[in-house]
file model-v8.cif (mmCIF, C-alpha atoms)
data_model
#
loop_
_atom_site.group_PDB
_atom_site.id
_atom_site.type_symbol
_atom_site.label_atom_id
_atom_site.label_comp_id
_atom_site.auth_asym_id
_atom_site.auth_seq_id
_atom_site.Cartn_x
_atom_site.Cartn_y
_atom_site.Cartn_z
ATOM 1 C CA MET Q 180 31.801 108.398 67.849
ATOM 2 C CA ASP Q 181 32.971 105.367 69.819
ATOM 3 C CA HIS Q 182 29.836 103.171 69.850
ATOM 4 C CA GLY Q 183 31.043 101.926 73.242
ATOM 5 C CA MET Q 184 33.519 99.610 71.466
ATOM 6 C CA GLU Q 185 35.037 96.959 73.732
ATOM 7 C CA TYR Q 186 38.703 95.939 73.573
ATOM 8 C CA VAL Q 187 40.848 92.970 74.503
ATOM 9 C CA THR Q 188 44.437 93.258 75.664
ATOM 10 C CA LEU Q 189 46.734 90.750 73.977
ATOM 11 C CA ASN Q 190 49.524 88.864 75.793
ATOM 12 C CA ASN Q 191 51.992 91.595 74.740
ATOM 13 C CA ARG Q 192 49.733 94.404 76.041
ATOM 14 C CA VAL Q 193 48.547 95.527 72.602
ATOM 15 C CA LYS Q 194 44.891 96.592 72.648
ATOM 16 C CA MET Q 195 42.647 95.198 69.952
ATOM 17 C CA PRO Q 196 39.042 96.254 69.170
ATOM 18 C CA LYS Q 197 36.781 93.326 69.965
ATOM 19 C CA LEU Q 198 34.664 93.777 66.847
ATOM 20 C CA GLY Q 199 36.281 93.973 63.425
ATOM 21 C CA PHE Q 200 35.209 94.284 59.821
ATOM 22 C CA GLY Q 201 36.212 91.316 57.629
ATOM 23 C CA VAL Q 202 36.672 91.599 53.863
ATOM 24 C CA PHE Q 203 36.681 87.891 52.931
ATOM 25 C CA GLN Q 204 34.874 87.346 49.616
ATOM 26 C CA ILE Q 205 34.317 91.047 49.032
ATOM 27 C CA ALA Q 206 35.022 91.636 45.330
ATOM 28 C CA LYS Q 207 37.945 93.863 44.360
ATOM 29 C CA GLU Q 208 35.644 96.460 42.795
ATOM 30 C CA ASP Q 209 33.498 96.784 45.964
ATOM 31 C CA CYS Q 210 36.204 96.467 48.572
ATOM 32 C CA GLU Q 211 37.491 100.039 48.798
ATOM 33 C CA ARG Q 212 33.965 101.446 49.147
ATOM 34 C CA CYS Q 213 33.031 98.805 51.741
ATOM 35 C CA VAL Q 214 36.059 99.532 53.921
ATOM 36 C CA LEU Q 215 35.469 103.298 53.647
ATOM 37 C CA ASP Q 216 31.827 102.745 54.665
ATOM 38 C CA ALA Q 217 32.870 100.504 57.554
ATOM 39 C CA ILE Q 218 35.353 103.078 58.857
ATOM 40 C CA GLU Q 219 32.784 105.841 58.430
ATOM 41 C CA VAL Q 220 30.191 104.026 60.545
ATOM 42 C CA GLY Q 221 32.765 103.363 63.279
ATOM 43 C CA TYR Q 222 34.821 100.226 62.597
ATOM 44 C CA ARG Q 223 38.514 100.636 63.420
ATOM 45 C CA HIS Q 224 39.612 97.001 63.109
ATOM 46 C CA ILE Q 225 39.888 95.713 59.512
ATOM 47 C CA ASP Q 226 40.756 92.086 58.695
ATOM 48 C CA THR Q 227 42.089 91.016 55.291
ATOM 49 C CA ALA Q 228 44.470 88.332 53.946
ATOM 50 C CA GLN Q 229 46.891 87.794 51.099
ATOM 51 C CA SER Q 230 44.593 85.122 49.689
ATOM 52 C CA TYR Q 231 41.561 87.476 49.583
ATOM 53 C CA ARG Q 232 43.374 89.460 46.864
ATOM 54 C CA ASN Q 233 41.978 92.777 48.025
ATOM 55 C CA GLU Q 234 44.815 94.163 50.164
ATOM 56 C CA GLU Q 235 45.426 97.022 47.704
ATOM 57 C CA GLU Q 236 41.795 98.090 47.866
ATOM 58 C CA VAL Q 237 41.893 97.979 51.676
ATOM 59 C CA GLY Q 238 45.089 100.059 51.446
ATOM 60 C CA ASN Q 239 43.350 102.661 49.272
ATOM 61 C CA ALA Q 240 40.612 102.974 51.883
ATOM 62 C CA ILE Q 241 43.192 103.340 54.691
ATOM 63 C CA MET Q 242 44.803 106.193 52.746
ATOM 64 C CA LYS Q 243 41.529 107.964 51.940
ATOM 65 C CA CYS Q 244 39.506 107.477 55.123
ATOM 66 C CA GLY Q 245 40.897 110.476 57.011
ATOM 67 C CA VAL Q 246 41.276 108.466 60.226
ATOM 68 C CA PRO Q 247 44.833 108.594 61.648
ATOM 69 C CA ARG Q 248 46.679 105.323 61.022
ATOM 70 C CA GLU Q 249 47.296 104.729 64.729
ATOM 71 C CA GLU Q 250 43.542 104.655 65.359
ATOM 72 C CA LEU Q 251 43.134 101.738 62.961
ATOM 73 C CA PHE Q 252 43.891 98.086 63.693
ATOM 74 C CA ILE Q 253 44.864 96.312 60.473
ATOM 75 C CA THR Q 254 45.241 92.531 60.176
ATOM 76 C CA THR Q 255 46.432 90.461 57.242
ATOM 77 C CA LYS Q 256 47.286 86.777 56.895
ATOM 78 C CA VAL Q 257 50.139 84.960 55.168
ATOM 79 C CA TRP Q 258 48.914 82.525 52.511
ATOM 80 C CA ILE Q 259 50.247 78.931 52.570
ATOM 81 C CA ASP Q 260 52.017 79.420 49.246
ATOM 82 C CA ASN Q 261 54.138 82.097 50.961
ATOM 83 C CA TYR Q 262 55.233 79.905 53.881
ATOM 84 C CA GLY Q 263 58.869 79.210 54.645
ATOM 85 C CA TYR Q 264 61.095 81.864 56.222
ATOM 86 C CA GLU Q 265 62.299 83.896 53.212
ATOM 87 C CA LYS Q 266 59.063 83.812 51.270
ATOM 88 C CA ALA Q 267 56.911 84.698 54.286
ATOM 89 C CA LYS Q 268 59.104 87.650 55.215
ATOM 90 C CA HIS Q 269 59.044 88.978 51.674
ATOM 91 C CA SER Q 270 55.280 88.461 51.386
ATOM 92 C CA VAL Q 271 54.518 90.425 54.568
ATOM 93 C CA LEU Q 272 56.616 93.378 53.391
ATOM 94 C CA ASP Q 273 54.738 93.140 50.096
ATOM 95 C CA SER Q 274 51.399 93.145 51.952
ATOM 96 C CA MET Q 275 52.511 96.317 53.768
ATOM 97 C CA LYS Q 276 53.161 98.015 50.423
ATOM 98 C CA LYS Q 277 49.741 96.974 49.141
ATOM 99 C CA LEU Q 278 48.106 98.126 52.367
ATOM 100 C CA LYS Q 279 50.104 101.393 52.113
ATOM 101 C CA THR Q 280 51.282 101.253 55.687
ATOM 102 C CA GLU Q 281 54.628 101.319 57.502
ATOM 103 C CA TYR Q 282 53.525 98.668 60.001
ATOM 104 C CA LEU Q 283 50.775 96.094 60.543
ATOM 105 C CA ASP Q 284 48.844 95.623 63.768
ATOM 106 C CA LEU Q 285 48.440 91.865 63.417
ATOM 107 C CA VAL Q 286 49.725 89.243 60.991
ATOM 108 C CA LEU Q 287 48.466 85.668 61.158
ATOM 109 C CA LEU Q 288 49.509 82.440 59.457
ATOM 110 C CA HIS Q 289 46.325 81.596 57.561
ATOM 111 C CA GLN Q 290 46.344 77.780 57.663
ATOM 112 C CA PRO Q 291 48.116 75.042 59.657
ATOM 113 C CA PHE Q 292 49.809 73.367 56.668
ATOM 114 C CA GLY Q 293 53.196 73.495 54.951
ATOM 115 C CA ASP Q 294 56.250 75.167 56.450
ATOM 116 C CA TYR Q 295 54.441 77.263 59.015
ATOM 117 C CA TYR Q 296 57.410 77.048 61.371
ATOM 118 C CA GLY Q 297 59.650 78.877 58.897
ATOM 119 C CA ALA Q 298 56.877 81.403 58.262
ATOM 120 C CA TYR Q 299 56.393 81.998 61.984
ATOM 121 C CA ARG Q 300 60.148 82.650 62.378
ATOM 122 C CA ALA Q 301 59.757 85.433 59.823
ATOM 123 C CA LEU Q 302 56.815 86.896 61.758
ATOM 124 C CA GLN Q 303 58.822 86.810 64.989
ATOM 125 C CA GLU Q 304 61.634 88.706 63.298
ATOM 126 C CA LEU Q 305 59.332 91.361 61.814
ATOM 127 C CA TYR Q 306 57.710 91.664 65.235
ATOM 128 C CA LYS Q 307 61.074 92.310 66.891
ATOM 129 C CA GLU Q 308 61.881 94.892 64.218
ATOM 130 C CA GLY Q 309 58.647 96.714 65.122
ATOM 131 C CA LYS Q 310 57.047 96.177 61.710
ATOM 132 C CA ILE Q 311 54.239 94.067 63.193
ATOM 133 C CA ARG Q 312 52.601 94.876 66.542
ATOM 134 C CA ALA Q 313 51.183 91.386 67.130
ATOM 135 C CA ILE Q 314 51.535 87.978 65.484
ATOM 136 C CA GLY Q 315 49.521 84.806 65.508
ATOM 137 C CA VAL Q 316 47.876 81.969 63.668
ATOM 138 C CA SER Q 317 44.532 81.071 62.161
ATOM 139 C CA ASN Q 318 42.734 77.717 61.996
ATOM 140 C CA PHE Q 319 45.230 76.061 64.340
ATOM 141 C CA TYR Q 320 43.502 73.282 66.282
ATOM 142 C CA PRO Q 321 44.341 72.775 69.978
ATOM 143 C CA ASP Q 322 47.168 70.281 69.374
ATOM 144 C CA ARG Q 323 48.877 72.434 66.733
ATOM 145 C CA LEU Q 324 48.435 75.562 68.807
ATOM 146 C CA ALA Q 325 49.981 73.879 71.867
ATOM 147 C CA ASP Q 326 52.907 72.877 69.627
ATOM 148 C CA MET Q 327 53.375 76.463 68.354
ATOM 149 C CA VAL Q 328 53.295 77.851 71.885
ATOM 150 C CA ALA Q 329 55.720 75.233 73.222
ATOM 151 C CA PHE Q 330 58.419 75.503 70.556
ATOM 152 C CA ASN Q 331 58.535 79.179 69.641
ATOM 153 C CA GLU Q 332 60.083 82.105 71.425
ATOM 154 C CA ILE Q 333 57.021 84.344 71.049
ATOM 155 C CA VAL Q 334 53.649 82.926 72.080
ATOM 156 C CA PRO Q 335 51.126 83.681 69.308
ATOM 157 C CA GLN Q 336 49.007 86.632 70.385
ATOM 158 C CA VAL Q 337 45.907 85.481 68.477
ATOM 159 C CA ASN Q 338 44.337 82.349 66.976
ATOM 160 C CA GLN Q 339 41.506 83.081 64.551
ATOM 161 C CA VAL Q 340 39.159 80.103 64.193
ATOM 162 C CA GLU Q 341 35.650 79.406 62.970
ATOM 163 C CA THR Q 342 33.343 80.152 65.905
ATOM 164 C CA ASN Q 343 29.564 80.454 65.818
ATOM 165 C CA PRO Q 344 26.556 79.193 67.811
ATOM 166 C CA LEU Q 345 26.611 75.832 66.003
ATOM 167 C CA HIS Q 346 30.387 75.397 66.376
ATOM 168 C CA GLN Q 347 31.253 77.046 69.680
ATOM 169 C CA GLN Q 348 34.845 75.885 70.205
ATOM 170 C CA ILE Q 349 34.480 75.628 73.999
ATOM 171 C CA ASP Q 350 37.442 73.260 74.501
ATOM 172 C CA ALA Q 351 39.555 75.123 71.960
ATOM 173 C CA GLN Q 352 38.915 78.353 73.850
ATOM 174 C CA ALA Q 353 39.856 76.777 77.186
ATOM 175 C CA ASN Q 354 43.128 75.677 75.586
ATOM 176 C CA MET Q 355 43.768 79.215 74.289
ATOM 177 C CA VAL Q 356 42.995 80.828 77.632
ATOM 178 C CA LYS Q 357 45.377 78.400 79.330
ATOM 179 C CA ARG Q 358 48.149 79.341 76.879
ATOM 180 C CA ASN Q 359 47.406 83.070 76.879
ATOM 181 C CA VAL Q 360 46.364 83.232 73.220
ATOM 182 C CA GLN Q 361 43.429 85.492 72.285
ATOM 183 C CA MET Q 362 40.604 83.775 70.412
ATOM 184 C CA GLU Q 363 39.151 85.479 67.353
ATOM 185 C CA ALA Q 364 36.092 84.286 65.422
ATOM 186 C CA TRP Q 365 35.738 83.986 61.673
ATOM 187 C CA ALA Q 366 32.309 83.156 60.210
ATOM 188 C CA PRO Q 367 30.427 84.140 63.384
ATOM 189 C CA PHE Q 368 27.193 83.763 61.388
ATOM 190 C CA GLY Q 369 28.391 80.564 59.705
ATOM 191 C CA GLU Q 370 27.714 82.426 56.440
ATOM 192 C CA GLY Q 371 24.062 81.734 57.177
ATOM 193 C CA ARG Q 372 24.509 77.962 56.828
ATOM 194 C CA ASN Q 373 22.235 75.504 58.676
ATOM 195 C CA HIS Q 374 19.494 78.169 58.865
ATOM 196 C CA MET Q 375 21.525 80.204 61.367
ATOM 197 C CA PHE Q 376 19.531 83.413 60.806
ATOM 198 C CA SER Q 377 16.200 81.683 61.334
ATOM 199 C CA ASN Q 378 17.289 79.693 64.388
ATOM 200 C CA PRO Q 379 14.303 79.838 66.798
ATOM 201 C CA VAL Q 380 16.448 80.112 69.942
ATOM 202 C CA LEU Q 381 18.428 83.042 68.539
ATOM 203 C CA LEU Q 382 15.302 84.692 67.121
ATOM 204 C CA ALA Q 383 13.529 84.501 70.493
ATOM 205 C CA ILE Q 384 16.501 86.036 72.322
ATOM 206 C CA GLY Q 385 16.716 88.779 69.681
ATOM 207 C CA GLU Q 386 13.034 89.629 70.081
ATOM 208 C CA LYS Q 387 13.518 90.073 73.806
ATOM 209 C CA TYR Q 388 16.085 92.837 73.249
ATOM 210 C CA GLY Q 389 14.785 94.233 69.971
ATOM 211 C CA LYS Q 390 17.930 92.943 68.246
ATOM 212 C CA SER Q 391 18.610 90.825 65.149
ATOM 213 C CA VAL Q 392 20.031 87.296 65.187
ATOM 214 C CA ALA Q 393 23.346 88.717 63.912
ATOM 215 C CA GLN Q 394 23.471 91.178 66.822
ATOM 216 C CA VAL Q 395 22.688 88.415 69.321
ATOM 217 C CA ILE Q 396 25.518 86.258 67.913
ATOM 218 C CA LEU Q 397 28.047 89.100 68.040
ATOM 219 C CA ARG Q 398 26.983 90.020 71.573
ATOM 220 C CA TRP Q 399 27.348 86.352 72.627
ATOM 221 C CA LEU Q 400 30.914 86.371 71.289
ATOM 222 C CA MET Q 401 31.712 89.647 73.091
ATOM 223 C CA GLN Q 402 30.522 88.091 76.351
ATOM 224 C CA ARG Q 403 32.698 85.032 75.774
ATOM 225 C CA ASP Q 404 35.662 87.419 75.363
ATOM 226 C CA ILE Q 405 36.121 86.454 71.744
ATOM 227 C CA VAL Q 406 37.095 89.004 69.105
ATOM 228 C CA ALA Q 407 34.577 88.784 66.242
ATOM 229 C CA LEU Q 408 34.744 89.689 62.565
ATOM 230 C CA ALA Q 409 31.538 90.769 60.883
ATOM 231 C CA LYS Q 410 31.366 91.088 57.117
ATOM 232 C CA SER Q 411 28.806 92.954 55.068
ATOM 233 C CA THR Q 412 28.777 94.957 51.862
ATOM 234 C CA ARG Q 413 25.761 97.038 52.960
ATOM 235 C CA ILE Q 414 26.224 100.100 55.139
ATOM 236 C CA GLU Q 415 22.913 99.566 57.021
ATOM 237 C CA ARG Q 416 24.046 96.072 57.961
ATOM 238 C CA MET Q 417 27.500 97.364 58.966
ATOM 239 C CA LYS Q 418 25.810 99.815 61.349
ATOM 240 C CA GLU Q 419 23.559 97.092 62.712
ATOM 241 C CA ASN Q 420 26.495 94.758 63.385
ATOM 242 C CA LEU Q 421 28.272 97.542 65.261
ATOM 243 C CA ASP Q 422 25.226 98.324 67.379
ATOM 244 C CA ILE Q 423 25.823 95.630 70.008
ATOM 245 C CA PHE Q 424 27.280 97.554 72.926
ATOM 246 C CA ASP Q 425 24.009 98.811 74.431
ATOM 247 C CA PHE Q 426 22.625 95.479 75.663
ATOM 248 C CA LYS Q 427 23.776 92.391 77.503
ATOM 249 C CA LEU Q 428 22.644 88.784 77.237
ATOM 250 C CA SER Q 429 21.561 87.217 80.518
ATOM 251 C CA GLU Q 430 23.196 84.073 81.908
ATOM 252 C CA GLN Q 431 20.064 82.230 80.881
ATOM 253 C CA ASP Q 432 20.403 83.469 77.275
ATOM 254 C CA MET Q 433 24.052 82.401 77.257
ATOM 255 C CA ALA Q 434 23.041 78.962 78.569
ATOM 256 C CA SER Q 435 20.323 78.594 75.901
ATOM 257 C CA ILE Q 436 22.824 79.438 73.170
ATOM 258 C CA SER Q 437 25.372 76.999 74.582
ATOM 259 C CA LYS Q 438 22.891 74.173 73.954
ATOM 260 C CA LEU Q 439 23.044 74.854 70.189
ATOM 261 C CA ASP Q 440 26.633 73.621 69.947
ATOM 262 C CA ALA Q 441 26.911 70.774 67.417
ATOM 263 C CA LYS Q 442 30.704 70.776 67.957
ATOM 264 C CA GLU Q 443 31.580 70.515 64.303
ATOM 265 C CA SER Q 444 32.628 72.840 61.514
ATOM 266 C CA LEU Q 445 30.002 74.170 59.120
ATOM 267 C CA PHE Q 446 32.746 74.216 56.483
ATOM 268 C CA PHE Q 447 35.399 71.483 56.732
ATOM 269 C CA ASP Q 448 37.683 69.767 59.193
ATOM 270 C CA HIS Q 449 41.325 70.870 58.868
ATOM 271 C CA GLN Q 450 42.404 67.638 60.543
ATOM 272 C CA THR Q 451 41.489 65.438 57.578
ATOM 273 C CA PRO Q 452 43.739 64.466 54.660
ATOM 274 C CA GLU Q 453 40.962 65.719 52.353
ATOM 275 C CA ALA Q 454 41.352 69.230 53.773
ATOM 276 C CA VAL Q 455 45.038 69.181 52.849
ATOM 277 C CA ASP Q 456 44.143 68.041 49.309
ATOM 278 C CA MET Q 457 41.608 70.867 49.052
ATOM 279 C CA PHE Q 458 44.218 73.480 50.011
ATOM 280 C CA VAL Q 459 46.757 72.021 47.607
ATOM 281 C CA SER Q 460 44.276 72.476 44.760
ATOM 282 C CA MET Q 461 43.465 76.026 45.995
ATOM 283 C CA ILE Q 462 47.169 76.895 45.891
ATOM 284 C CA GLY Q 463 47.340 75.608 42.317
ATOM 285 C CA GLU Q 464 44.288 77.636 41.238
ATOM 286 C CA ARG Q 465 45.569 80.834 42.863
ATOM 287 C CA ARG Q 466 48.962 80.447 41.187
ATOM 288 C CA LYS Q 467 47.322 80.052 37.792
ATOM 289 C CA THR Q 468 45.218 83.205 38.114
ATOM 290 C CA GLU Q 469 48.214 85.173 39.369
ATOM 291 C CA GLU Q 470 50.305 84.145 36.386
ATOM 292 C CA LYS Q 471 47.672 85.468 33.978
#

call {"tool": "encode", "arguments": {"input": "model-v8.cif", "output": "structure tokens"}}
result
Amino acid sequence: MDHGMEYVTLNNRVKMPKLGFGVFQIAKEDCERCVLDAIEVGYRHIDTAQSYRNEEEVGNAIMKCGVPREELFITTKVWIDNYGYEKAKHSVLDSMKKLKTEYLDLVLLHQPFGDYYGAYRALQELYKEGKIRAIGVSNFYPDRLADMVAFNEIVPQVNQVETNPLHQQIDAQANMVKRNVQMEAWAPFGEGRNHMFSNPVLLAIGEKYGKSVAQVILRWLMQRDIVALAKSTRIERMKENLDIFDFKLSEQDMASISKLDAKESLFFDHQTPEAVDMFVSMIGERRKTEEK
């Protein structure tokens, strides 16, 4: 049951399913069921992170799903508090234990702050040892990404950034294409902010194809050659999000969507000092709950 899934080939020839299932903000108690449902309806690419605190539940689902490990594409991300060479290396091996797997398909550095150079050295080493099939970054803006590409031995395979019809990342994508880094979208629906699901342009396009706004957005990302992560806790919605390989947006549709670009984050700008302050307080909060 392939659903006509599309794939991208990363700069190291690893194939990655273009549509993945993201588990951000899925509660621990729901996570295992959600991942099992997602795999059952046809997802093979699962995206988690150390900071989501549900790697163990994802791991349980990987063990129980009955799908051979090599058919799954599993991503996790190193949290800022685990940056620096030693800590990052240890944390990735720990993530593997939680995810109950001998290797990971993709590991990303979650945020562009702190000692991400040391952390990336650890990823490069684990990559060379064959423990990780692909490595990359997340939320790295064009200048930081150019820096990572220029001064590291291994060019990041992926950069996962917020991408949706209101924040299209056109220049950022051009920069990634130029440097041979695959773009991946988090929050493709902008978590519904700014009335994304009732946007008249997207609704009208959806009506034309008998598709939902969510399906139109995911299809738009597929046609821009961007890997997309869809998140849902409901199996009907998971199926719907996967059902995007039987239609194609016209050039005119793509042009109409491109006019929606407001060119700014629906969440926050990583390039501000305030963003750094916000992450510092997040690190503090996470540490406290982990010590309990």

call {"tool": "resolve_selection", "arguments": {"input": "model-v8.cif", "expression": "the PyMOL selection byres ((chain Q and resi 273) around 12)", "output": "list in words"}}
result
Ala228, Gln229, Glu234, Glu235, Gly238, Thr255, Lys256, Val257, Asn261, Lys266, Ala267, Lys268, His269, Ser270, Val271, Leu272, Ser274, Met275, Lys276, Lys277, Leu278, Lys279, Thr280, Glu281, Tyr282 and Leu283 of chain Q

call {"tool": "write_last_selection", "arguments": {"input": "model-v8.cif", "atoms": "C-alpha atoms", "output": "tab-separated table (two decimals), in the coordinates of the input"}}
result
chain	number	residue	atom	x	y	z
Q	228	ALA	CA	44.47	88.33	53.95
Q	229	GLN	CA	46.89	87.79	51.10
Q	234	GLU	CA	44.82	94.16	50.16
Q	235	GLU	CA	45.43	97.02	47.70
Q	238	GLY	CA	45.09	100.06	51.45
Q	255	THR	CA	46.43	90.46	57.24
Q	256	LYS	CA	47.29	86.78	56.90
Q	257	VAL	CA	50.14	84.96	55.17
Q	261	ASN	CA	54.14	82.10	50.96
Q	266	LYS	CA	59.06	83.81	51.27
Q	267	ALA	CA	56.91	84.70	54.29
Q	268	LYS	CA	59.10	87.65	55.22
Q	269	HIS	CA	59.04	88.98	51.67
Q	270	SER	CA	55.28	88.46	51.39
Q	271	VAL	CA	54.52	90.42	54.57
Q	272	LEU	CA	56.62	93.38	53.39
Q	274	SER	CA	51.40	93.14	51.95
Q	275	MET	CA	52.51	96.32	53.77
Q	276	LYS	CA	53.16	98.02	50.42
Q	277	LYS	CA	49.74	96.97	49.14
Q	278	LEU	CA	48.11	98.13	52.37
Q	279	LYS	CA	50.10	101.39	52.11
Q	280	THR	CA	51.28	101.25	55.69
Q	281	GLU	CA	54.63	101.32	57.50
Q	282	TYR	CA	53.52	98.67	60.00
Q	283	LEU	CA	50.78	96.09	60.54

call {"tool": "axis_aligned_box", "arguments": {"input": "model-v8.cif", "around": "range 266-276 of chain Q", "padding_each_side": "8 Å", "output": "AutoDock Vina command-line options"}}
result
--center_x 55.3 --center_y 90.9 --center_z 52.7 --size_x 23.7 --size_y 30.2 --size_z 21.1

call {"tool": "resolve_selection", "arguments": {"input": "model-v8.cif", "expression": "the PyMOL selection byres ((chain Q and resi 394) around 8)", "output": "list in words"}}
result
Gly385, Lys390, Ser391, Val392, Ala393, Val395, Ile396, Leu397, Arg398, Glu419, Asn420, Asp422 and Ile423 of chain Q

call {"tool": "resolve_selection", "arguments": {"input": "model-v8.cif", "expression": "the PyMOL selection byres ((chain Q and resi 437-439) around 8)", "output": "PyMOL selection string"}}
result
chain Q and resi 344-345+347+433-436+440-441

call {"tool": "write_last_selection", "arguments": {"input": "model-v8.cif", "atoms": "C-alpha atoms", "output": "short mmCIF file (atom, residue, chain, number, x, y, z; two decimals), in the frame of the given file"}}
result
data_model
loop_
_atom_site.label_atom_id
_atom_site.label_comp_id
_atom_site.auth_asym_id
_atom_site.auth_seq_id
_atom_site.Cartn_x
_atom_site.Cartn_y
_atom_site.Cartn_z
CA PRO Q 344 26.56 79.19 67.81
CA LEU Q 345 26.61 75.83 66.00
CA GLN Q 347 31.25 77.05 69.68
CA MET Q 433 24.05 82.40 77.26
CA ALA Q 434 23.04 78.96 78.57
CA SER Q 435 20.32 78.59 75.90
CA ILE Q 436 22.82 79.44 73.17
CA ASP Q 440 26.63 73.62 69.95
CA ALA Q 441 26.91 70.77 67.42
#

call {"tool": "atom_distance", "arguments": {"input": "model-v8.cif", "atom1": "CA of Ile384 in chain Q", "atom2": "CA of Met355 in chain Q"}}
result
28.2 Å

call {"tool": "closest_residue", "arguments": {"input": "model-v8.cif", "among": "Q:Val459, Q:Val340, Q:Val193, Q:Ala298", "to": "Met327 in chain Q", "atoms": "all atoms listed in the file"}}
result
Q:Ala298

call {"tool": "residues_around", "arguments": {"input": "model-v8.cif", "residues": "Lys387 in chain Q", "least_positions_apart": "4", "cutoff": "12 Å", "atoms": "only C-alpha atoms", "output": "list in words"}}
result
Val380, Leu381, Leu382, Ala383, Ser391, Val392, Val395, Phe426, Lys427, Leu428, Ser429 and Asp432 of chain Q

call {"tool": "atom_distance", "arguments": {"input": "model-v8.cif", "atom1": "CA of Val187 in chain Q", "atom2": "CA of Arg232 in chain Q"}}
result
28.0 Å

call {"tool": "atom_distance", "arguments": {"input": "model-v8.cif", "atom1": "CA of Asn359 in chain Q", "atom2": "CA of Asp294 in chain Q"}}
result
23.6 Å

call {"tool": "residues_around", "arguments": {"input": "model-v8.cif", "residues": "Tyr320 in chain Q", "least_positions_apart": "2", "cutoff": "9 Å", "atoms": "all atoms listed in the file", "output": "ChimeraX atom specification"}}
result
/Q:291,317-318,322-325,340,351,449-450

call {"tool": "closest_residue", "arguments": {"input": "model-v8.cif", "among": "Q:Glu464, Q:Asp448, Q:Glu430, Q:Glu332", "to": "Trp399 in chain Q", "atoms": "all atoms listed in the file"}}
result
Q:Glu430

call {"tool": "closest_residue", "arguments": {"input": "model-v8.cif", "among": "Q:Ile314, Q:Val455, Q:Cys244, Q:Leu198", "to": "Gln402 in chain Q", "atoms": "only C-alpha atoms"}}
result
Q:Leu198
